[in-house]
Amino acid sequence: MTLAEKIIAKAAGRDNVEPGEIVTCTVDLAMIHDSGGPRRVKPAMEKLGVNVWDPVKVVLVSDHFAPCTDAESAAILKLTRQWAAEQGITNFYDQQGICHVVTPERGHLAPGMFAVGGDSHSPTGGAFGCYMFGIGATDMLGILVTGETWLKVPETICINWSGKLSEGVAAKDMALKMCATLGMDGGGYQAVQYSGETIENLDMMERMTLCNMAAELGAQAGLIEPDETTATYITAAGGDPGDWAAFCSDADAEYKTTHEFATTDLAPQVAAPHSPANAADVSDIEYTEIDQFYIGACTGAKLNDLEMAAAVLKGNKIAPSKRLTIAPASSQILTAATKQGIIEIFLNAGSNLLPPGCGACAGYGVGVLAEDEVCLASTARNFQGRMGASSSKVYLASPYTVAASAVAGHITDPRVVLAS
Amino acid sequence: MSGRVWKFGDDVNTDVLAPGIYIKLPLEELASHCLETITPNFANEVREGDFVVGGKNFGIGSSREQAAQVLKALGIAAVIAPSFGGIFYRNAFNLGLPAIVLDTIDQIDDKHELEIDLKTSGIKNVSTGHDLTGEAIPENLLALVEAGGLVPFLEHKLGKNG
Ligand code: SF4
């Protein structure tokens with residue numbers, strides 16, 4: 001069996017499962033946020049007259065509307081807190097960062113878990129060897145009251161990466177390259193497993209970036225087999241990696257397909273509006289003036305992402321009349337970045353800082369775009385109108401590329417800035 | 001069920017179905033912005049019982065189920081596409097909006113009239129006289145549509161409706 005099949009079989013109480021079967025699985029963890037969570041499930045739960053099946057298995061994070069920007073978003077956050085109290089949710093992180101980052105960083109994920117998240121980037125949890133996928137609010141309601149859900153057992157698509165990443169190139173570039181090559185339906189709502197030498201050498205945050213963007217490949221889940229790196233991270237986060245070595249694909253596991261990628265010649269990638277699949281080498285992107293540079297999101301504002309941006313911004317200033325907005329992915333990351341002097345580098349360069357949370361990424365919070373504005377962002381998704389007004393445009397790139405371009409004032413190759 | 005077709009291209013995503021900047025608004029207001037970035041007259045002119053026919057990957061993107069909910073609120077009776085964003089597909093059924101996988105959407109044009117039998121996934125194109133057949137809807141999902149969505153389904157299951 002593949003890693004995905006092993007976890008699903010365990011959750012379904014079976015010895016094995018076959019791709020294509022519909023099975024019912026017990027859920028080990030349900031992660032929800034302020035947007036798709038309490039405000040959407042509370043009325044139906046009250047109508048049904050039921051409570052959360054097991055409050056300990058729920059992780060609730062306020063991130064989308066955090067901090068609130070008006071009376072409506074303030075009311076959403078208030079309702080979120082009330083619901084947490086009513087339901088006895090102790091794993092509640094109020095404005096501490098983005099759910100996909102806060103949940104593993106507080107030790108809630110471990111290899112072999114069958115987990116759901118009320119957010120499409122929930123495949124991020126696959127970096128920890130969990131089968132984790134995104135669902136909508138009513139689907140979540142069903143899980144919150146029953147503790148189980150159905151699933152069509154996916155086939156596993158293997159994506160092998162060989163080689164080491166060169167200076168100025170990151171997991172985000174790998175993710176965009178895969179989007180461009182395989183398309184946004186390349187994952188076909190199956191499970192994607194990333195393997196190979198490149199993956200083994202990535203730290204947990206870079207692995208999270210890849211699994212996060214399995215969503216952009218249209219996969220249900222994106223998985224990486226756990227190893228010592230995984231176990232060390234989980235232990236340091238206060239979690240228990242458990243019997244992590246058991247959660248790997250068998251040598252004779254069957255894959256739907258195997259794709260081979262290599263880091264040789266992998267240049268920084270930039271995805272033009274309005275799809276991550278519009279990615280190309282930075283040198284192939286036409287000269288593009290940018291209004292707002294944005295380093296944020298679960299995809300692009302983890303500690304390693306901020307380190308990349310700082311490596312470029314150190315001793316540099318952003319271009320006149322441009323703005324670089326930075327929203328660290330969590331308060332723990334903000335603390336670490338402050339200690340490392342990274343925040344000072346950002347401020348000295350002329351950036352403006354948002355509090356930890358989703359910020360402008362999905363157009364819900366602070367820092368959104370005006371009509372016709374153009375943004376270059378380290379986020380995962382650049383659909384039309386996503387970050388604000390419907391005529392605004394978003395280009396996607398790595399934190400290296402966003403930071404270097406902020407210095408230049410237009411899209412540029414970060415390797416040039418890093419070399420100087 | 002029978003109705004008129006609104007046809008769209010590939011990769012219709014959740015941000016154009018339910019734009020983030022309007023997501024805090026009440027459902028009817030959010031619905032009035034549904035698909036406005038690509039088809040500005042859609043929300044105004046759509047009628048109860050109409051069908052949406054999309055290209056591949058319909059509903060790709062976010063988990064926000066408002067993407068399916070606004071279509072239902074505007075009266076859409078079913079969505080037909082050669083493939084769906086996986087989360088959208090689940091959301092649609094949970095809200096009682098049937099989604100039918102059909103490879104041969106090239107046999108359907110904008111404003112065609114269709115008759116659909118959900119039990120068989122049989123789609124009659126009344127405008128051309130062609131009979132098309134989509135992929136069978138799994139039984140557990142058909143049960144959700146028959147109940148009117150997951151909430152009424154659970155209501156029944158948990159015994160709240162007797
Ligand atoms: S940062 Fe962006 S992609 Fe990540 S959870 Fe928040 S809105 Fe979604």
# chains A, B, ... in the order shown; residues from 1 in each chain; ligands from 1
>>> residues_near_ligand(ligand="ligand 1", cutoff="7 Å", atoms="only C-alpha atoms and all ligand atoms", output="number ranges by chain")
A: 63-64, 98-100, 119, 121, 296-299, 357-358, 361-362, 379-380
>>> write_last_selection(atoms="N, CA and C atoms", output="CSV table (one decimal), in the first residue's frame")
chain,number,residue,atom,x,y,z
A,63,ASP,N,-7.8,33.4,12.1
A,63,ASP,CA,-6.7,33.9,11.2
A,63,ASP,C,-7.2,34.7,10.0
A,64,HIS,N,-8.3,34.4,9.4
A,64,HIS,CA,-8.8,35.0,8.2
A,64,HIS,C,-9.2,36.5,8.5
A,98,ILE,N,-1.6,31.8,11.2
A,98,ILE,CA,-2.4,31.1,10.2
A,98,ILE,C,-2.6,29.6,10.6
A,99,CYS,N,-3.8,29.1,10.5
A,99,CYS,CA,-4.1,27.7,10.9
A,99,CYS,C,-3.1,26.6,10.5
A,100,HIS,N,-2.7,26.7,9.2
A,100,HIS,CA,-1.9,25.6,8.7
A,100,HIS,C,-0.5,25.7,9.3
A,119,ASP,N,-10.4,24.3,5.3
A,119,ASP,CA,-9.6,25.2,4.5
A,119,ASP,C,-8.9,24.4,3.4
A,121,HIS,N,-6.1,24.7,1.9
A,121,HIS,CA,-4.7,24.5,2.0
A,121,HIS,C,-4.3,23.5,3.1
A,296,GLY,N,3.6,37.0,2.6
A,296,GLY,CA,2.6,36.6,3.6
A,296,GLY,C,2.1,35.2,3.2
A,297,ALA,N,1.1,34.8,4.0
A,297,ALA,CA,0.4,33.5,3.8
A,297,ALA,C,1.1,32.3,4.4
A,298,CYS,N,0.3,31.3,4.6
A,298,CYS,CA,0.7,30.0,5.0
A,298,CYS,C,1.8,29.4,4.1
A,299,THR,N,1.7,29.8,2.8
A,299,THR,CA,2.7,29.4,1.8
A,299,THR,C,4.0,30.1,1.9
A,357,GLY,N,-1.3,36.4,10.6
A,357,GLY,CA,-2.7,36.1,10.1
A,357,GLY,C,-2.7,36.0,8.6
A,358,CYS,N,-3.9,35.8,8.0
A,358,CYS,CA,-4.0,35.7,6.6
A,358,CYS,C,-3.8,37.0,5.8
A,361,CYS,N,-4.0,38.0,1.8
A,361,CYS,CA,-3.9,36.8,0.9
A,361,CYS,C,-5.2,36.5,0.2
A,362,ALA,N,-6.4,36.4,0.9
A,362,ALA,CA,-7.6,36.0,0.3
A,362,ALA,C,-8.6,37.2,0.2
A,379,THR,N,2.2,34.3,-1.9
A,379,THR,CA,1.1,33.5,-1.5
A,379,THR,C,0.9,32.3,-2.5
A,380,ALA,N,-0.1,31.5,-2.4
A,380,ALA,CA,-0.3,30.3,-3.2
A,380,ALA,C,-1.2,30.5,-4.4
>>> select_by_dssp(residues="chain B", states="strand (DSSP E)", output="JSON, numbers by chain")
{"B": [2, 3, 4, 5, 6, 7, 51, 52, 53, 78, 79, 80, 81, 99, 100, 101, 113, 114, 115, 116, 117, 122, 123, 124, 125, 130, 131, 132, 133]}
>>> residues_around(residues="region 52-63 of chain B", least_positions_apart="6", cutoff="6 Å", atoms="only C-alpha atoms", output="VMD selection string")
(chain A and resid 119 to 120 135 to 136) or (chain B and resid 5 to 14 79 to 85 87 to 88)
>>> write_last_selection(atoms="C-alpha atoms", output="short mmCIF file (atom, residue, chain, number, x, y, z; two decimals), in the first residue's frame")
data_model
loop_
_atom_site.label_atom_id
_atom_site.label_comp_id
_atom_site.auth_asym_id
_atom_site.auth_seq_id
_atom_site.Cartn_x
_atom_site.Cartn_y
_atom_site.Cartn_z
CA ASP A 119 -9.63 25.24 4.46
CA SER A 120 -8.38 24.24 1.03
CA ILE A 135 -13.41 20.51 3.30
CA GLY A 136 -16.20 23.06 3.35
CA VAL B 5 -28.00 26.41 -19.63
CA TRP B 6 -25.40 28.97 -18.59
CA LYS B 7 -22.13 27.81 -20.08
CA PHE B 8 -18.67 28.62 -18.77
CA GLY B 9 -15.10 27.68 -19.64
CA ASP B 10 -12.40 25.71 -17.80
CA ASP B 11 -11.15 26.39 -14.26
CA VAL B 12 -14.07 28.47 -12.98
CA ASN B 13 -12.70 29.07 -9.48
CA THR B 14 -14.15 29.77 -6.06
CA VAL B 79 -23.90 21.91 -12.17
CA ILE B 80 -22.46 19.84 -15.01
CA ALA B 81 -18.76 19.66 -15.88
CA PRO B 82 -16.17 17.15 -17.12
CA SER B 83 -14.35 17.48 -13.78
CA PHE B 84 -14.78 19.38 -10.54
CA GLY B 85 -12.52 20.83 -7.88
CA ILE B 87 -13.80 20.27 -2.36
CA PHE B 88 -16.44 22.07 -4.43
#
>>> closest_atom_pairs(of="region 7-106 of chain B", to="region 131-139 of chain B", cutoff="12 Å", atoms="only C-alpha atoms", output="Markdown table")
| residue | atom | partner | partner_atom | distance |
| --- | --- | --- | --- | --- |
| B:Val79 | CA | B:Gly134 | CA | 11.5 |
| B:Ile80 | CA | B:Gly134 | CA | 8.5 |
| B:Ala81 | CA | B:Gly134 | CA | 9.2 |
| B:Pro82 | CA | B:Gly134 | CA | 8.8 |
| B:Ser83 | CA | B:Glu135 | CA | 10.5 |
| B:Tyr89 | CA | B:Ile137 | CA | 11.1 |
| B:Arg90 | CA | B:Pro138 | CA | 11.5 |
| B:Phe93 | CA | B:Ile137 | CA | 10.1 |
| B:Pro98 | CA | B:Ile137 | CA | 8.7 |
| B:Ala99 | CA | B:Ile137 | CA | 8.2 |
| B:Ile100 | CA | B:Gly134 | CA | 6.2 |
| B:Val101 | CA | B:Glu135 | CA | 5.4 |
| B:Leu102 | CA | B:Gly134 | CA | 4.4 |
| B:Asp103 | CA | B:Gly134 | CA | 7.3 |
| B:Thr104 | CA | B:Leu132 | CA | 7.6 |
| B:Ile105 | CA | B:Leu132 | CA | 9.1 |
| B:Asp106 | CA | B:Leu132 | CA | 10.9 |
>>> closest_atom_pairs(of="chain B", to="chain A", cutoff="7 Å", atoms="only C-alpha atoms", output="CSV")
residue,atom,partner,partner_atom,distance
B:Asp15,CA,A:Arg386,CA,6.0
B:Val16,CA,A:Gln384,CA,6.9
B:Pro19,CA,A:Arg386,CA,7.0
B:Gly20,CA,A:Gly363,CA,5.2
B:Ile21,CA,A:Gly363,CA,5.4
B:Lys24,CA,A:Glu72,CA,6.9
B:Thr37,CA,A:Ser390,CA,6.5
B:Asn57,CA,A:Asp185,CA,6.5
B:Gly61,CA,A:Ser120,CA,6.9
B:Ser62,CA,A:Ser120,CA,5.1
B:Ser63,CA,A:Ser120,CA,4.7
B:Arg64,CA,A:Gly136,CA,5.8
B:Glu65,CA,A:Gly136,CA,5.2
B:Gly85,CA,A:Gly218,CA,6.6
B:Gly86,CA,A:Tyr189,CA,5.5
B:Ile87,CA,A:Ile135,CA,5.7
B:Asn91,CA,A:Gly136,CA,5.8
B:Asn94,CA,A:Thr138,CA,6.2
B:Leu150,CA,A:Thr138,CA,7.0
B:Val151,CA,A:Ala44,CA,6.9
B:Glu155,CA,A:Leu48,CA,6.0
B:Lys160,CA,A:Leu48,CA,6.9
>>> residues_around(residues="Thr335 (chain A)", least_positions_apart="6", cutoff="12 Å", atoms="only C-alpha atoms", output="VMD selection string")
chain A and resid 96 to 97 302 to 303 306 328 to 329 341 to 343 355 to 356
>>> residues_around(residues="Asn352 (chain A)", least_positions_apart="2", cutoff="7 Å", atoms="only C-alpha atoms", output="PyMOL selection string")
chain A and resi 324-326+347+350+354
>>> residues_around(residues="Gly315 (chain A)", least_positions_apart="6", cutoff="9 Å", atoms="only C-alpha atoms", output="PDB file with N, CA, C and O atoms, in the first residue's frame")
ATOM      1  N   ILE A 345      15.650  44.244   9.783  1.00  0.00           N
ATOM      2  CA  ILE A 345      16.062  44.345   8.365  1.00  0.00           C
ATOM      3  C   ILE A 345      14.874  44.793   7.508  1.00  0.00           C
ATOM      4  O   ILE A 345      14.984  45.670   6.655  1.00  0.00           O
ATOM      5  N   ASN A 348      14.043  48.471   8.267  1.00  0.00           N
ATOM      6  CA  ASN A 348      15.090  49.354   7.706  1.00  0.00           C
ATOM      7  C   ASN A 348      14.975  49.465   6.188  1.00  0.00           C
ATOM      8  O   ASN A 348      15.327  50.491   5.608  1.00  0.00           O
ATOM      9  N   ALA A 349      14.504  48.394   5.569  1.00  0.00           N
ATOM     10  CA  ALA A 349      14.367  48.417   4.106  1.00  0.00           C
ATOM     11  C   ALA A 349      13.162  49.245   3.665  1.00  0.00           C
ATOM     12  O   ALA A 349      12.998  49.533   2.478  1.00  0.00           O
TER      13      ALA A 349
END
>>> residues_around(residues="Phe51 (chain B)", least_positions_apart="6", cutoff="12 Å", atoms="only C-alpha atoms", output="PyMOL selection string")
chain B and resi 1-8+42+71-72+74-81+97-100+108-116+123+125
>>> closest_residue(among="A:Ile157, A:Ser331, A:Val416, A:Met113", to="Asp94 (chain A)", atoms="only C-alpha atoms")
A:Ser331
>>> select_by_dssp(residues="region 300-379 of chain A", states="alpha helix (DSSP H)", output="JSON list (two decimals) with all heavy atoms, in the first residue's frame")
[["chain", "number", "residue", "atom", "x", "y", "z"],
["A", 300, "GLY", "N", 3.92, 31.42, 2.18],
["A", 300, "GLY", "CA", 5.12, 32.21, 1.96],
["A", 300, "GLY", "C", 5.55, 33.16, 3.06],
["A", 300, "GLY", "O", 6.20, 34.17, 2.77],
["A", 303, "LEU", "N", 9.08, 30.99, 8.91],
["A", 303, "LEU", "CA", 10.38, 31.55, 9.29],
["A", 303, "LEU", "C", 11.39, 31.47, 8.14],
["A", 303, "LEU", "O", 12.11, 32.43, 7.86],
["A", 303, "LEU", "CB", 10.93, 30.86, 10.55],
["A", 303, "LEU", "CG", 12.22, 31.48, 11.09],
["A", 303, "LEU", "CD1", 12.04, 32.96, 11.46],
["A", 303, "LEU", "CD2", 12.71, 30.70, 12.32],
["A", 304, "ASN", "N", 11.42, 30.33, 7.46],
["A", 304, "ASN", "CA", 12.40, 30.20, 6.36],
["A", 304, "ASN", "C", 12.10, 31.19, 5.24],
["A", 304, "ASN", "O", 13.01, 31.73, 4.61],
["A", 304, "ASN", "CB", 12.40, 28.77, 5.81],
["A", 304, "ASN", "CG", 11.09, 28.41, 5.17],
["A", 304, "ASN", "OD1", 10.02, 28.74, 5.70],
["A", 304, "ASN", "ND2", 11.14, 27.78, 4.01],
["A", 305, "ASP", "N", 10.80, 31.46, 5.03],
["A", 305, "ASP", "CA", 10.42, 32.43, 3.98],
["A", 305, "ASP", "C", 10.92, 33.83, 4.36],
["A", 305, "ASP", "O", 11.41, 34.57, 3.50],
["A", 305, "ASP", "CB", 8.90, 32.45, 3.81],
["A", 305, "ASP", "CG", 8.34, 31.11, 3.36],
["A", 305, "ASP", "OD1", 8.87, 30.54, 2.39],
["A", 305, "ASP", "OD2", 7.39, 30.62, 4.00],
["A", 306, "LEU", "N", 10.76, 34.15, 5.65],
["A", 306, "LEU", "CA", 11.22, 35.47, 6.10],
["A", 306, "LEU", "C", 12.74, 35.55, 6.02],
["A", 306, "LEU", "O", 13.31, 36.60, 5.69],
["A", 306, "LEU", "CB", 10.73, 35.75, 7.53],
["A", 306, "LEU", "CG", 9.21, 35.73, 7.76],
["A", 306, "LEU", "CD1", 8.87, 36.18, 9.17],
["A", 306, "LEU", "CD2", 8.45, 36.58, 6.74],
["A", 307, "GLU", "N", 13.41, 34.43, 6.31],
["A", 307, "GLU", "CA", 14.87, 34.39, 6.20],
["A", 307, "GLU", "C", 15.32, 34.65, 4.75],
["A", 307, "GLU", "O", 16.30, 35.37, 4.50],
["A", 307, "GLU", "CB", 15.42, 33.05, 6.68],
["A", 307, "GLU", "CG", 15.39, 32.91, 8.20],
["A", 307, "GLU", "CD", 15.64, 31.48, 8.71],
["A", 307, "GLU", "OE1", 15.67, 30.53, 7.89],
["A", 307, "GLU", "OE2", 15.77, 31.31, 9.93],
["A", 308, "MET", "N", 14.58, 34.07, 3.81],
["A", 308, "MET", "CA", 14.91, 34.29, 2.39],
["A", 308, "MET", "C", 14.79, 35.77, 2.05],
["A", 308, "MET", "O", 15.67, 36.36, 1.41],
["A", 308, "MET", "CB", 13.93, 33.53, 1.48],
["A", 308, "MET", "CG", 14.08, 32.03, 1.50],
["A", 308, "MET", "SD", 12.78, 31.32, 0.43],
["A", 308, "MET", "CE", 12.55, 29.74, 1.24],
["A", 309, "ALA", "N", 13.67, 36.36, 2.49],
["A", 309, "ALA", "CA", 13.44, 37.78, 2.18],
["A", 309, "ALA", "C", 14.52, 38.65, 2.83],
["A", 309, "ALA", "O", 15.04, 39.59, 2.21],
["A", 309, "ALA", "CB", 12.05, 38.20, 2.67],
["A", 310, "ALA", "N", 14.90, 38.30, 4.07],
["A", 310, "ALA", "CA", 15.90, 39.09, 4.79],
["A", 310, "ALA", "C", 17.26, 38.99, 4.11],
["A", 310, "ALA", "O", 18.00, 39.97, 4.06],
["A", 310, "ALA", "CB", 15.97, 38.63, 6.24],
["A", 311, "ALA", "N", 17.58, 37.80, 3.58],
["A", 311, "ALA", "CA", 18.87, 37.63, 2.90],
["A", 311, "ALA", "C", 18.98, 38.61, 1.74],
["A", 311, "ALA", "O", 20.06, 39.14, 1.45],
["A", 311, "ALA", "CB", 19.01, 36.19, 2.40],
["A", 312, "VAL", "N", 17.85, 38.88, 1.09],
["A", 312, "VAL", "CA", 17.85, 39.81, -0.04],
["A", 312, "VAL", "C", 17.80, 41.27, 0.42],
["A", 312, "VAL", "O", 18.46, 42.14, -0.15],
["A", 312, "VAL", "CB", 16.61, 39.51, -0.94],
["A", 312, "VAL", "CG1", 16.47, 40.57, -2.02],
["A", 312, "VAL", "CG2", 16.71, 38.12, -1.55],
["A", 313, "LEU", "N", 17.00, 41.52, 1.46],
["A", 313, "LEU", "CA", 16.74, 42.91, 1.86],
["A", 313, "LEU", "C", 17.84, 43.52, 2.72],
["A", 313, "LEU", "O", 17.91, 44.75, 2.86],
["A", 313, "LEU", "CB", 15.40, 43.01, 2.60],
["A", 313, "LEU", "CG", 14.16, 42.76, 1.75],
["A", 313, "LEU", "CD1", 12.92, 42.67, 2.63],
["A", 313, "LEU", "CD2", 13.98, 43.85, 0.68],
["A", 331, "SER", "N", 2.67, 34.08, 15.35],
["A", 331, "SER", "CA", 3.33, 34.88, 16.38],
["A", 331, "SER", "C", 4.65, 34.23, 16.80],
["A", 331, "SER", "O", 5.62, 34.94, 17.09],
["A", 331, "SER", "CB", 2.41, 35.07, 17.58],
["A", 331, "SER", "OG", 1.97, 33.82, 18.04],
["A", 332, "GLN", "N", 4.72, 32.91, 16.81],
["A", 332, "GLN", "CA", 6.00, 32.24, 17.13],
["A", 332, "GLN", "C", 7.06, 32.61, 16.10],
["A", 332, "GLN", "O", 8.22, 32.83, 16.43],
["A", 332, "GLN", "CB", 5.83, 30.72, 17.16],
["A", 332, "GLN", "CG", 5.17, 30.22, 18.43],
["A", 332, "GLN", "CD", 5.33, 28.70, 18.61],
["A", 332, "GLN", "OE1", 5.96, 28.03, 17.79],
["A", 332, "GLN", "NE2", 4.77, 28.18, 19.68],
["A", 333, "ILE", "N", 6.64, 32.67, 14.84],
["A", 333, "ILE", "CA", 7.58, 33.03, 13.76],
["A", 333, "ILE", "C", 8.02, 34.48, 13.92],
["A", 333, "ILE", "O", 9.20, 34.81, 13.76],
["A", 333, "ILE", "CB", 6.93, 32.76, 12.38],
["A", 333, "ILE", "CG1", 6.85, 31.25, 12.14],
["A", 333, "ILE", "CG2", 7.69, 33.46, 11.26],
["A", 333, "ILE", "CD1", 5.96, 30.85, 10.99],
["A", 334, "LEU", "N", 7.05, 35.33, 14.27],
["A", 334, "LEU", "CA", 7.39, 36.74, 14.47],
["A", 334, "LEU", "C", 8.40, 36.89, 15.61],
["A", 334, "LEU", "O", 9.37, 37.66, 15.51],
["A", 334, "LEU", "CB", 6.11, 37.54, 14.77],
["A", 334, "LEU", "CG", 6.27, 39.03, 15.08],
["A", 334, "LEU", "CD1", 7.01, 39.76, 13.96],
["A", 334, "LEU", "CD2", 4.91, 39.68, 15.31],
["A", 335, "THR", "N", 8.23, 36.11, 16.67],
["A", 335, "THR", "CA", 9.17, 36.15, 17.80],
["A", 335, "THR", "C", 10.57, 35.72, 17.34],
["A", 335, "THR", "O", 11.56, 36.40, 17.61],
["A", 335, "THR", "CB", 8.69, 35.19, 18.92],
["A", 335, "THR", "OG1", 7.36, 35.52, 19.25],
["A", 335, "THR", "CG2", 9.55, 35.31, 20.16],
["A", 336, "ALA", "N", 10.62, 34.59, 16.64],
["A", 336, "ALA", "CA", 11.92, 34.08, 16.18],
["A", 336, "ALA", "C", 12.58, 35.06, 15.22],
["A", 336, "ALA", "O", 13.79, 35.33, 15.31],
["A", 336, "ALA", "CB", 11.74, 32.72, 15.52],
["A", 337, "ALA", "N", 11.78, 35.63, 14.32],
["A", 337, "ALA", "CA", 12.33, 36.57, 13.33],
["A", 337, "ALA", "C", 12.83, 37.85, 14.01],
["A", 337, "ALA", "O", 13.83, 38.43, 13.59],
["A", 337, "ALA", "CB", 11.28, 36.90, 12.28],
["A", 338, "THR", "N", 12.14, 38.24, 15.07],
["A", 338, "THR", "CA", 12.58, 39.43, 15.81],
["A", 338, "THR", "C", 13.94, 39.16, 16.44],
["A", 338, "THR", "O", 14.87, 39.96, 16.33],
["A", 338, "THR", "CB", 11.54, 39.80, 16.89],
["A", 338, "THR", "OG1", 10.27, 39.90, 16.26],
["A", 338, "THR", "CG2", 11.88, 41.12, 17.56],
["A", 339, "LYS", "N", 14.05, 37.97, 17.10],
["A", 339, "LYS", "CA", 15.32, 37.60, 17.75],
["A", 339, "LYS", "C", 16.48, 37.57, 16.75],
["A", 339, "LYS", "O", 17.60, 37.94, 17.07],
["A", 339, "LYS", "CB", 15.19, 36.21, 18.39],
["A", 339, "LYS", "CG", 14.55, 36.27, 19.75],
["A", 339, "LYS", "CD", 14.72, 34.94, 20.48],
["A", 339, "LYS", "CE", 13.83, 34.89, 21.71],
["A", 339, "LYS", "NZ", 13.13, 33.62, 21.84],
["A", 342, "ILE", "N", 15.65, 39.85, 11.88],
["A", 342, "ILE", "CA", 15.03, 39.88, 10.54],
["A", 342, "ILE", "C", 14.01, 41.02, 10.43],
["A", 342, "ILE", "O", 13.93, 41.71, 9.41],
["A", 342, "ILE", "CB", 14.35, 38.52, 10.25],
["A", 342, "ILE", "CG1", 15.44, 37.46, 10.02],
["A", 342, "ILE", "CG2", 13.40, 38.60, 9.08],
["A", 342, "ILE", "CD1", 14.90, 36.05, 9.86],
["A", 343, "ILE", "N", 13.26, 41.23, 11.50],
["A", 343, "ILE", "CA", 12.21, 42.26, 11.45],
["A", 343, "ILE", "C", 12.86, 43.64, 11.29],
["A", 343, "ILE", "O", 12.38, 44.49, 10.55],
["A", 343, "ILE", "CB", 11.32, 42.19, 12.72],
["A", 343, "ILE", "CG1", 10.65, 40.80, 12.81],
["A", 343, "ILE", "CG2", 10.28, 43.32, 12.72],
["A", 343, "ILE", "CD1", 9.77, 40.41, 11.63],
["A", 344, "GLU", "N", 13.99, 43.82, 11.96],
["A", 344, "GLU", "CA", 14.70, 45.10, 11.84],
["A", 344, "GLU", "C", 15.17, 45.32, 10.39],
["A", 344, "GLU", "O", 15.06, 46.43, 9.86],
["A", 344, "GLU", "CB", 15.90, 45.10, 12.80],
["A", 344, "GLU", "CG", 16.40, 46.48, 13.10],
["A", 344, "GLU", "CD", 17.57, 46.47, 14.10],
["A", 344, "GLU", "OE1", 17.68, 45.52, 14.89],
["A", 344, "GLU", "OE2", 18.36, 47.42, 14.05],
["A", 345, "ILE", "N", 15.65, 44.24, 9.78],
["A", 345, "ILE", "CA", 16.06, 44.35, 8.37],
["A", 345, "ILE", "C", 14.87, 44.79, 7.51],
["A", 345, "ILE", "O", 14.98, 45.67, 6.66],
["A", 345, "ILE", "CB", 16.62, 43.00, 7.86],
["A", 345, "ILE", "CG1", 17.93, 42.65, 8.58],
["A", 345, "ILE", "CG2", 16.81, 43.00, 6.34],
["A", 345, "ILE", "CD1", 18.47, 41.26, 8.28],
["A", 346, "PHE", "N", 13.71, 44.18, 7.77],
["A", 346, "PHE", "CA", 12.51, 44.53, 6.99],
["A", 346, "PHE", "C", 12.15, 46.00, 7.17],
["A", 346, "PHE", "O", 11.87, 46.71, 6.20],
["A", 346, "PHE", "CB", 11.30, 43.68, 7.43],
["A", 346, "PHE", "CG", 11.39, 42.23, 7.07],
["A", 346, "PHE", "CD1", 10.55, 41.28, 7.66],
["A", 346, "PHE", "CD2", 12.30, 41.79, 6.12],
["A", 346, "PHE", "CE1", 10.62, 39.95, 7.32],
["A", 346, "PHE", "CE2", 12.38, 40.43, 5.77],
["A", 346, "PHE", "CZ", 11.54, 39.53, 6.39],
["A", 347, "LEU", "N", 12.16, 46.43, 8.42],
["A", 347, "LEU", "CA", 11.75, 47.81, 8.70],
["A", 347, "LEU", "C", 12.76, 48.80, 8.13],
["A", 347, "LEU", "O", 12.39, 49.82, 7.54],
["A", 347, "LEU", "CB", 11.52, 48.02, 10.19],
["A", 347, "LEU", "CG", 10.38, 47.16, 10.79],
["A", 347, "LEU", "CD1", 10.31, 47.32, 12.30],
["A", 347, "LEU", "CD2", 9.03, 47.51, 10.16],
["A", 348, "ASN", "N", 14.04, 48.47, 8.27],
["A", 348, "ASN", "CA", 15.09, 49.35, 7.71],
["A", 348, "ASN", "C", 14.98, 49.46, 6.19],
["A", 348, "ASN", "O", 15.33, 50.49, 5.61],
["A", 348, "ASN", "CB", 16.48, 48.83, 8.07],
["A", 348, "ASN", "CG", 16.82, 49.11, 9.52],
["A", 348, "ASN", "OD1", 16.19, 49.96, 10.15],
["A", 348, "ASN", "ND2", 17.79, 48.40, 10.06],
["A", 349, "ALA", "N", 14.50, 48.39, 5.57],
["A", 349, "ALA", "CA", 14.37, 48.42, 4.11],
["A", 349, "ALA", "C", 13.16, 49.25, 3.66],
["A", 349, "ALA", "O", 13.00, 49.53, 2.48],
["A", 349, "ALA", "CB", 14.24, 46.99, 3.57]]
>>> closest_residue(among="A:Asn51, A:Thr230, A:Gln292, A:Ser330", to="Glu86 (chain A)", atoms="only C-alpha atoms")
A:Asn51
>>> closest_residue(among="A:Pro399, A:Pro276, A:Gly239, A:Gly359", to="His108 (chain A)", atoms="only C-alpha atoms")
A:Gly239
>>> atom_distance(atom1="CA of Glu48 (chain B)", atom2="CA of Ser32 (chain B)")
14.3 Å
>>> atom_distance(atom1="CA of Thr69 (chain A)", atom2="CA of Ala84 (chain A)")
21.3 Å
>>> atom_distance(atom1="CA of Val153 (chain A)", atom2="CA of Tyr194 (chain A)")
18.3 Å
